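Student: Could you have a look at this structure, given as structure tokens, before my questions?
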Amino acid sequence: MSDKATLQYKDKTIELDAIIGSEGEIGLDITSLRAKTGMITLDPGYGNTGSCTSEISFINGEKGILRHRGYAIEELAAKSSFMETAFLVLYGHLPSEKELSEFIAEINSESTLHYGMKSHFEGFPDNAPPMAVLSSMLNILTCYNTDLLTTATEGPAFTAPTAKIISKVRAIAAWAYRTSIGKPFMPPRPDLSYTGNFLHMMFSETFNLYEPLPEVERALDLFFILHADHEQNCSTSTVRMVGSSHASLFSAVSAGVGALWGPLHGGANCEVIKMLTRIHDEGISPRDFVEKAKDKNSPEKLMGFGHRVYKSFDPRAKILKGQVDVVLKALKIEDPLLDIAYELEEMARSEDYFIERNLYPNVDFYSGILLRAIGIPVDMFTVLFAIGRMPGWISNWREMHVQSLRISRPRQIYTGETLRDYVEMANR
Ligand code: CMC
């Protein structure tokens, strides 16, 4: 369905197609704007710019809605598994039993890492940030798969790199963690679930296999489901941007990890725990912290609060908050950071500053408490976000190539010096 809008600037008038999405969202198509008028649009931070049409995820930030391929995140969280959601995000439909078992089998067949990658892990210093290791090692996968550097969107040329990335990202994460604590790599167990196998590679010892409580395995699987995709966020846009140059899928997701790492994006899950720990250890009162977060002269922010798109609540945060209770109870843990988190949330929800700016807890506010209870070290939190986000990144990369989009190449409004003469060194 399409409609028209008219844009007028001085003596120039142009008719723009209004593209209407399946949920009624309207985008004015400006693809012919520059060719017809010589003008461009300016939208730093892209808050008003649709970079593509997409059939993968739908968010309504005002109503707190997130759906993957039309399925509500609440329903996927309650009924699906990460593997099933990954298939859904990638291929657009819930898999049949046969499709799901073939998908899992292909992922299981890629659980190990090439032995040659061991030397790369050994080359990193002990305190190497895990997100740097993850990004590097995903790109290094390129070196071991030079036959898969294609832009194929169907058949083995697509499913093989997809399975390798979704599977090996777990092994890379676990291997990076174990190398950093001086432990040898734990070989995978394809008989376990995707998430169970990851927990095994993280925490098992040769003569003492780690057996997670069902509540723990389920909660981590749920964490992965909740992170599986999220529209055109910073890292997904990066994956599309890099992929648009026809760089390999391995390089594109490696770049996505770099974008996700930042504290304003996926890195916020680490920052939340660091903030709560600081409040706890330094005896700061939550009231004082909230006041600082509101003060424009203070560098503090309430980490895990706010979102570019969600303006009523983040549905992922609601689901995770419920899981935190389940996991802490199953593990018989009482975490004082949780009480601080509840207190901060309660205050923020009643303060004008947060209400006026629509600042609510986002997915990262409670996820750290969950991961910490499971025994995941803080600097690995964002790595787990990346594991969960792989299906979304790959699906977006695929969709971009299916649609044969042009290379991403924004323009700019130049505001620097106009032409001036070169000044000889002696005269400067
Ligand atoms: N604490 C205090 N004030 C805040 C916060 C916060 N967490 N977030 C936004 N504000 C204020 C901001 O200072 C601004 O105030 P004013 O209008 O007076 O200048 C107003 O709210 C609007 O904020 P913004 O920075 O323009 O919003 P944005 O859409 O550019 O940024 C955000 C969104 C998520 C980067 C930001 O809210 C933030 O930095 N939050 C903390 C970091 C965080 O939790 N990030 C995880 C996001 S969810 C995971 C993911 O998908 O990436």
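So you can find residues: chains in the structure tokens are A, B, ... in the order shown, residues in each start at 1, and ligands are numbered from 1 in order.
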Can you pull out every residue with an atom within 6 Å of ligand 1? Use only C-alpha atoms and all ligand atoms and format it as a PyMOL selection string.
Tutor: chain A and resi 264-266+268+293-294+301-308+357+362-364
Student: Give me, as CSV, the closest atom pair and its distance (Å, one decimal) for every residue of stretch 321-386 of chain A within a cut-off of 8 Å of stretch 114-136 of chain A, counting only C-alpha atoms, rows sorted by chain and rising number.
Tutor:
```
residue,atom,partner,partner_atom,distance
A:Asp379,CA,A:Pro130,CA,6.8
A:Met380,CA,A:Pro130,CA,6.3
A:Thr382,CA,A:Met131,CA,7.2
A:Val383,CA,A:Met131,CA,6.0
```
Student: Could the residues in this selection be written to a file with N, CA, C and O atoms, as a short mmCIF file (atom, residue, chain, number, x, y, z; two decimals), in the first residue's frame?
Tutor:
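Dumped to out.cif:
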```cif
data_model
loop_
_atom_site.label_atom_id
_atom_site.label_comp_id
_atom_site.auth_asym_id
_atom_site.auth_seq_id
_atom_site.Cartn_x
_atom_site.Cartn_y
_atom_site.Cartn_z
N ASP A 379 32.59 -9.31 32.91
CA ASP A 379 33.07 -8.87 31.59
C ASP A 379 32.66 -9.82 30.46
O ASP A 379 32.96 -9.58 29.29
N MET A 380 31.96 -10.90 30.80
CA MET A 380 31.43 -11.80 29.76
C MET A 380 29.96 -11.48 29.44
O MET A 380 29.39 -12.05 28.51
N THR A 382 28.36 -9.03 28.02
CA THR A 382 28.05 -8.52 26.68
C THR A 382 28.36 -9.58 25.62
O THR A 382 27.73 -9.62 24.56
N VAL A 383 29.30 -10.47 25.94
CA VAL A 383 29.58 -11.60 25.03
C VAL A 383 28.32 -12.47 24.92
O VAL A 383 27.96 -12.94 23.83
#
```
Student: What lies within 7 Å of A:Ala317 using only C-alpha atoms, ignoring chain neighbours under 2 positions off, as a PyMOL selection string?
Tutor: chain A and resi 314-315+319-321+361-363+366
Student: List every residue of stretch 140-369 of chain A that DSSP, applied to the backbone of this structure, assigns to helix (DSSP H, G or I), and report them as a PyMOL selection string.
Tutor: chain A and resi 140-144+146-148+156-180+194-203+214-226+234-243+249-261+268-281+286-294+315-331+336-350+352-356+363-369
Student: Mind writing the picked residues with C-alpha atoms as a short mmCIF file (atom, residue, chain, number, x, y, z; two decimals), in the first residue's frame?
Tutor:
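again34.cif was written with the following content:
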```
data_model
loop_
_atom_site.label_atom_id
_atom_site.label_comp_id
_atom_site.auth_asym_id
_atom_site.auth_seq_id
_atom_site.Cartn_x
_atom_site.Cartn_y
_atom_site.Cartn_z
CA ILE A 140 39.66 -15.07 12.22
CA LEU A 141 37.01 -17.68 11.31
CA THR A 142 37.23 -16.05 7.86
CA CYS A 143 40.79 -17.40 7.55
CA TYR A 144 39.59 -20.97 8.14
CA THR A 146 37.89 -18.96 2.71
CA ASP A 147 35.47 -21.03 0.60
CA LEU A 148 32.52 -19.41 2.40
CA PRO A 156 24.75 -24.64 1.87
CA ALA A 157 26.72 -21.50 0.98
CA PHE A 158 24.43 -19.63 3.42
CA THR A 159 23.54 -22.34 5.94
CA ALA A 160 27.17 -23.41 6.45
CA PRO A 161 28.57 -20.02 7.58
CA THR A 162 25.36 -19.45 9.55
CA ALA A 163 25.72 -22.73 11.46
CA LYS A 164 29.41 -22.12 11.99
CA ILE A 165 28.85 -18.66 13.47
CA ILE A 166 25.86 -19.56 15.68
CA SER A 167 27.66 -22.65 16.96
CA LYS A 168 31.26 -21.48 17.19
CA VAL A 169 30.45 -18.18 18.87
CA ARG A 170 29.69 -20.29 21.99
CA ALA A 171 32.98 -22.12 21.80
CA ILE A 172 34.89 -18.89 21.20
CA ALA A 173 33.20 -17.29 24.22
CA ALA A 174 33.89 -20.31 26.45
CA TRP A 175 37.45 -20.74 25.18
CA ALA A 176 38.20 -17.03 25.72
CA TYR A 177 36.89 -17.27 29.28
CA ARG A 178 38.82 -20.42 30.12
CA THR A 179 42.03 -19.10 28.59
CA SER A 180 41.69 -15.94 30.69
CA TYR A 194 22.58 -25.34 22.69
CA THR A 195 22.57 -23.57 26.04
CA GLY A 196 23.47 -26.66 28.08
CA ASN A 197 26.49 -27.22 25.84
CA PHE A 198 27.59 -23.62 26.33
CA LEU A 199 27.32 -23.92 30.12
CA HIS A 200 29.28 -27.18 29.91
CA MET A 201 32.08 -25.58 27.87
CA MET A 202 32.20 -22.69 30.35
CA PHE A 203 32.09 -24.53 33.66
CA PRO A 214 16.92 -26.87 34.82
CA GLU A 215 15.90 -23.38 35.99
CA VAL A 216 19.39 -22.07 35.20
CA GLU A 217 19.59 -23.64 31.75
CA ARG A 218 16.09 -22.41 30.93
CA ALA A 219 16.83 -18.88 32.18
CA LEU A 220 19.96 -18.61 30.03
CA ASP A 221 18.11 -20.01 27.01
CA LEU A 222 15.45 -17.39 27.67
CA PHE A 223 18.13 -14.69 27.91
CA PHE A 224 19.30 -15.75 24.42
CA ILE A 225 15.69 -15.71 23.09
CA LEU A 226 15.16 -12.19 24.45
CA CYS A 234 23.42 0.21 16.41
CA SER A 235 25.06 -3.22 16.04
CA THR A 236 22.52 -4.61 13.55
CA SER A 237 22.88 -1.49 11.43
CA THR A 238 26.64 -1.99 11.62
CA VAL A 239 26.32 -5.58 10.41
CA ARG A 240 24.19 -4.36 7.51
CA MET A 241 26.58 -1.47 6.81
CA VAL A 242 29.64 -3.73 6.67
CA GLY A 243 27.75 -6.45 4.78
CA LEU A 249 29.27 -12.70 6.96
CA PHE A 250 32.11 -13.46 9.40
CA SER A 251 33.50 -9.92 9.05
CA ALA A 252 30.06 -8.34 9.28
CA VAL A 253 29.18 -10.04 12.59
CA SER A 254 32.67 -9.33 13.90
CA ALA A 255 31.98 -5.63 13.30
CA GLY A 256 28.59 -6.07 15.00
CA VAL A 257 30.39 -7.24 18.14
CA GLY A 258 32.47 -4.05 18.11
CA ALA A 259 29.33 -1.92 17.93
CA LEU A 260 27.54 -3.94 20.61
CA TRP A 261 30.44 -3.56 23.03
CA ALA A 268 25.26 -1.54 29.43
CA ASN A 269 24.64 -4.95 31.04
CA CYS A 270 28.17 -4.87 32.53
CA GLU A 271 27.81 -1.22 33.48
CA VAL A 272 24.59 -1.90 35.41
CA ILE A 273 26.32 -4.43 37.66
CA LYS A 274 29.34 -2.16 38.07
CA MET A 275 26.95 0.67 39.07
CA LEU A 276 24.99 -1.50 41.54
CA THR A 277 28.23 -2.87 43.00
CA ARG A 278 29.63 0.62 43.45
CA ILE A 279 26.43 1.79 45.16
CA HIS A 280 26.59 -1.26 47.45
CA ASP A 281 30.32 -1.31 48.21
CA PRO A 286 20.14 4.95 45.98
CA ARG A 287 18.51 8.37 46.54
CA ASP A 288 21.89 10.15 46.15
CA PHE A 289 22.65 8.12 43.05
CA VAL A 290 19.33 8.96 41.43
CA GLU A 291 19.94 12.66 42.16
CA LYS A 292 23.34 12.42 40.46
CA ALA A 293 21.82 10.65 37.46
CA LYS A 294 19.39 13.57 37.09
CA PRO A 315 8.99 -5.98 27.35
CA ARG A 316 12.29 -7.89 27.58
CA ALA A 317 13.04 -6.21 30.93
CA LYS A 318 9.68 -7.29 32.33
CA ILE A 319 10.30 -10.92 31.37
CA LEU A 320 13.85 -10.92 32.73
CA LYS A 321 12.79 -9.36 36.02
CA GLY A 322 10.49 -12.36 36.55
CA GLN A 323 13.27 -14.81 35.68
CA VAL A 324 15.67 -13.24 38.19
CA ASP A 325 13.34 -14.30 41.01
CA VAL A 326 13.06 -17.86 39.63
CA VAL A 327 16.84 -18.30 39.30
CA LEU A 328 17.80 -16.74 42.64
CA LYS A 329 15.23 -18.95 44.35
CA ALA A 330 16.42 -22.11 42.56
CA LEU A 331 20.05 -21.33 43.43
CA PRO A 336 21.87 -7.44 47.82
CA LEU A 337 22.30 -5.82 44.39
CA LEU A 338 18.76 -6.89 43.54
CA ASP A 339 17.36 -4.89 46.46
CA ILE A 340 19.29 -1.83 45.24
CA ALA A 341 17.98 -2.41 41.70
CA TYR A 342 14.38 -2.60 42.96
CA GLU A 343 14.90 0.59 44.97
CA LEU A 344 16.39 2.48 42.01
CA GLU A 345 13.56 1.32 39.75
CA GLU A 346 10.91 2.36 42.23
CA MET A 347 12.41 5.83 42.67
CA ALA A 348 12.95 6.35 38.96
CA ARG A 349 9.38 5.33 38.21
CA SER A 350 8.02 8.03 40.51
CA ASP A 352 9.30 13.54 37.15
CA TYR A 353 12.75 13.53 35.50
CA PHE A 354 12.39 9.90 34.41
CA ILE A 355 8.64 10.04 33.73
CA GLU A 356 8.91 13.13 31.49
CA VAL A 363 16.75 -5.34 28.97
CA ASP A 364 20.14 -4.72 30.56
CA PHE A 365 18.85 -3.59 33.94
CA TYR A 366 17.99 -7.06 35.29
CA SER A 367 20.00 -9.29 32.94
CA GLY A 368 23.25 -8.68 34.84
CA ILE A 369 21.78 -9.91 38.12
#
```
Student: Work out how far apart atom CA of A:Asp17 and atom CA of A:Lys4 are and give it in Å to one decimal.
Tutor: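 So the two atoms, atom CA of A:Asp17 and atom CA of A:Lys4, lie 4.6 Å apart.
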Student: Counting only C-alpha atoms, what is within 6 Å of stretch 391-405 of chain A, bar same-chain residues fewer than 4 positions away, as a compact mmCIF listing (two decimals) with all heavy atoms, in the first residue's frame?
Tutor:
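Output contents, as saved in around34.txt:
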```
# COMPACT_ATOMS: atom_id res chain seq x y z
N ALA A 86 15.80 -18.90 16.91
CA ALA A 86 16.86 -18.57 15.93
C ALA A 86 16.39 -18.95 14.53
O ALA A 86 16.54 -18.18 13.57
CB ALA A 86 18.15 -19.29 16.29
N LEU A 90 15.68 -16.38 11.46
CA LEU A 90 16.44 -16.53 10.21
C LEU A 90 15.56 -16.78 9.00
O LEU A 90 15.77 -16.21 7.93
CB LEU A 90 17.41 -17.71 10.34
CG LEU A 90 18.70 -17.44 11.14
CD1 LEU A 90 19.37 -18.75 11.50
CD2 LEU A 90 19.64 -16.55 10.35
N THR A 153 22.44 -16.33 -0.07
CA THR A 153 21.36 -16.24 0.92
C THR A 153 20.54 -17.52 0.99
O THR A 153 19.55 -17.59 1.72
CB THR A 153 20.41 -15.07 0.58
OG1 THR A 153 19.92 -15.26 -0.74
CG2 THR A 153 21.12 -13.73 0.68
N ALA A 228 17.52 -12.21 20.71
CA ALA A 228 17.72 -12.77 19.36
C ALA A 228 17.69 -11.74 18.23
O ALA A 228 18.40 -11.89 17.23
CB ALA A 228 16.69 -13.86 19.10
N ASP A 229 16.87 -10.72 18.36
CA ASP A 229 16.86 -9.68 17.33
C ASP A 229 16.20 -8.45 17.90
O ASP A 229 15.45 -8.54 18.90
CB ASP A 229 16.12 -10.13 16.07
CG ASP A 229 16.37 -9.17 14.91
OD1 ASP A 229 17.53 -8.75 14.74
OD2 ASP A 229 15.42 -8.82 14.19
N THR A 236 23.14 -4.01 14.74
CA THR A 236 22.52 -4.61 13.55
C THR A 236 22.74 -3.72 12.33
O THR A 236 23.05 -4.20 11.24
CB THR A 236 21.01 -4.85 13.79
OG1 THR A 236 20.89 -5.69 14.94
CG2 THR A 236 20.34 -5.50 12.61
N ARG A 240 24.70 -4.66 8.85
CA ARG A 240 24.19 -4.36 7.51
C ARG A 240 25.15 -3.44 6.75
O ARG A 240 25.41 -3.64 5.56
CB ARG A 240 22.81 -3.69 7.60
CG ARG A 240 21.66 -4.65 7.83
CD ARG A 240 20.34 -3.90 7.81
NE ARG A 240 19.18 -4.76 7.93
CZ ARG A 240 18.33 -5.04 6.93
NH1 ARG A 240 18.49 -4.52 5.73
NH2 ARG A 240 17.31 -5.84 7.13
```
Student: Please, which residues of stretch 26-275 of chain A, numbered as in this document, come out strand (DSSP E) from DSSP, as a list in words?
Tutor: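 Filtering stretch 26-275 of chain A down to strand (DSSP E) leaves Ile26, Gly27, Leu28, Asp29, Ser57, Phe58, Ile59, Asn60, Ile65, Leu66, Arg67, His68, Tyr71 and Ala72 of chain A.
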Student: Can those selected residues be exported to a file as a PDB file, in the first residue's frame so that it contains C-alpha atoms?
Tutor:
```pdb
ATOM      1  CA  ILE A  26       4.588   5.389   7.633  1.00  0.00           C
ATOM      2  CA  GLY A  27       7.927   6.145   6.000  1.00  0.00           C
ATOM      3  CA  LEU A  28       8.405   8.881   3.418  1.00  0.00           C
ATOM      4  CA  ASP A  29      10.509   7.470   0.611  1.00  0.00           C
ATOM      5  CA  SER A  57      11.284  -7.793  13.997  1.00  0.00           C
ATOM      6  CA  PHE A  58       8.605  -5.281  14.899  1.00  0.00           C
ATOM      7  CA  ILE A  59       8.815  -2.860  17.811  1.00  0.00           C
ATOM      8  CA  ASN A  60       6.172  -0.413  18.940  1.00  0.00           C
ATOM      9  CA  ILE A  65       5.627  -4.316  21.863  1.00  0.00           C
ATOM     10  CA  LEU A  66       8.340  -6.576  20.440  1.00  0.00           C
ATOM     11  CA  ARG A  67       7.538  -9.295  17.919  1.00  0.00           C
ATOM     12  CA  HIS A  68       9.728 -11.578  15.862  1.00  0.00           C
ATOM     13  CA  TYR A  71       5.146 -13.652  17.199  1.00  0.00           C
ATOM     14  CA  ALA A  72       4.984 -11.734  20.499  1.00  0.00           C
TER      15      ALA A  72
END
```
Student: Could you state the separation of atom CA of A:Asn48 and atom CA of A:Arg389 in Å, given to one decimal place?
Tutor: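 The value is 23.7 Å.
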Student: To one decimal in Å, tell me the separation between atom CA of A:Tyr9 and atom CA of A:Gly47.
Tutor: 22.1 Å
Student: At a cut-off of 8 Å, using only C-alpha atoms, what residues contact stretch 32-45 of chain A? Leave out same-chain residues fewer than 6 positions from it and give the result as JSON, numbers by chain.
Tutor: {"A": [12, 14, 411, 412, 413]}
Student: Keeping only N, CA and C atoms, write the selected residues to a file as a PDB file, in the first residue's frame.
Tutor:
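Output contents, as saved in out-v1.pdb:
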```
ATOM      1  N   LYS A  12      11.177  24.650  -5.002  1.00  0.00           N
ATOM      2  CA  LYS A  12      11.238  23.222  -5.347  1.00  0.00           C
ATOM      3  C   LYS A  12      10.141  22.434  -4.639  1.00  0.00           C
ATOM      4  N   ILE A  14       8.495  18.424  -4.390  1.00  0.00           N
ATOM      5  CA  ILE A  14       8.654  17.017  -4.808  1.00  0.00           C
ATOM      6  C   ILE A  14       7.586  16.169  -4.133  1.00  0.00           C
ATOM      7  N   ARG A 411      25.284  10.485   3.191  1.00  0.00           N
ATOM      8  CA  ARG A 411      25.937  11.736   2.815  1.00  0.00           C
ATOM      9  C   ARG A 411      26.094  12.590   4.053  1.00  0.00           C
ATOM     10  N   GLN A 412      26.546  13.816   3.916  1.00  0.00           N
ATOM     11  CA  GLN A 412      26.743  14.726   5.038  1.00  0.00           C
ATOM     12  C   GLN A 412      26.495  16.143   4.563  1.00  0.00           C
ATOM     13  N   ILE A 413      26.285  17.026   5.513  1.00  0.00           N
ATOM     14  CA  ILE A 413      26.270  18.455   5.204  1.00  0.00           C
ATOM     15  C   ILE A 413      27.618  18.986   5.675  1.00  0.00           C
TER      16      ILE A 413
END
```
Student: Closest to A:Glu55 among A:Ile284, A:Ile107, A:Ala77, A:Leu88, using only C-alpha atoms?
Tutor: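 Looking at the shortest contact to A:Glu55, the residue is A:Leu88.
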Student: Show which residues sit within 7 Å of A:Glu62, as an MDAnalysis selection string. Count only C-alpha atoms, and ignore same-chain residues fewer than 2 positions away.
Tutor: chainID A and resid 60 64 310:312
Student: Save out the residues we just selected, N, CA, C and O atoms, as a PDB file, in the first residue's frame.
Tutor:
```pdb
ATOM      1  N   ASN A  60       6.957  -1.628  18.733  1.00  0.00           N
ATOM      2  CA  ASN A  60       6.172  -0.413  18.940  1.00  0.00           C
ATOM      3  C   ASN A  60       6.599   0.112  20.304  1.00  0.00           C
ATOM      4  O   ASN A  60       6.221  -0.430  21.342  1.00  0.00           O
ATOM      5  N   GLY A  64       5.286  -0.697  24.049  1.00  0.00           N
ATOM      6  CA  GLY A  64       6.124  -1.747  24.638  1.00  0.00           C
ATOM      7  C   GLY A  64       5.941  -3.092  23.961  1.00  0.00           C
ATOM      8  O   GLY A  64       5.902  -4.137  24.619  1.00  0.00           O
ATOM      9  N   TYR A 310      11.882   2.273  22.953  1.00  0.00           N
ATOM     10  CA  TYR A 310      10.836   2.010  23.950  1.00  0.00           C
ATOM     11  C   TYR A 310      10.546   3.254  24.771  1.00  0.00           C
ATOM     12  O   TYR A 310      11.448   3.819  25.391  1.00  0.00           O
ATOM     13  N   LYS A 311       9.300   3.664  24.782  1.00  0.00           N
ATOM     14  CA  LYS A 311       8.928   4.868  25.526  1.00  0.00           C
ATOM     15  C   LYS A 311       7.849   4.580  26.570  1.00  0.00           C
ATOM     16  O   LYS A 311       7.280   5.491  27.145  1.00  0.00           O
ATOM     17  N   SER A 312       7.502   3.308  26.784  1.00  0.00           N
ATOM     18  CA  SER A 312       6.593   3.012  27.904  1.00  0.00           C
ATOM     19  C   SER A 312       7.235   1.931  28.773  1.00  0.00           C
ATOM     20  O   SER A 312       7.421   2.118  29.951  1.00  0.00           O
TER      21      SER A 312
END
```
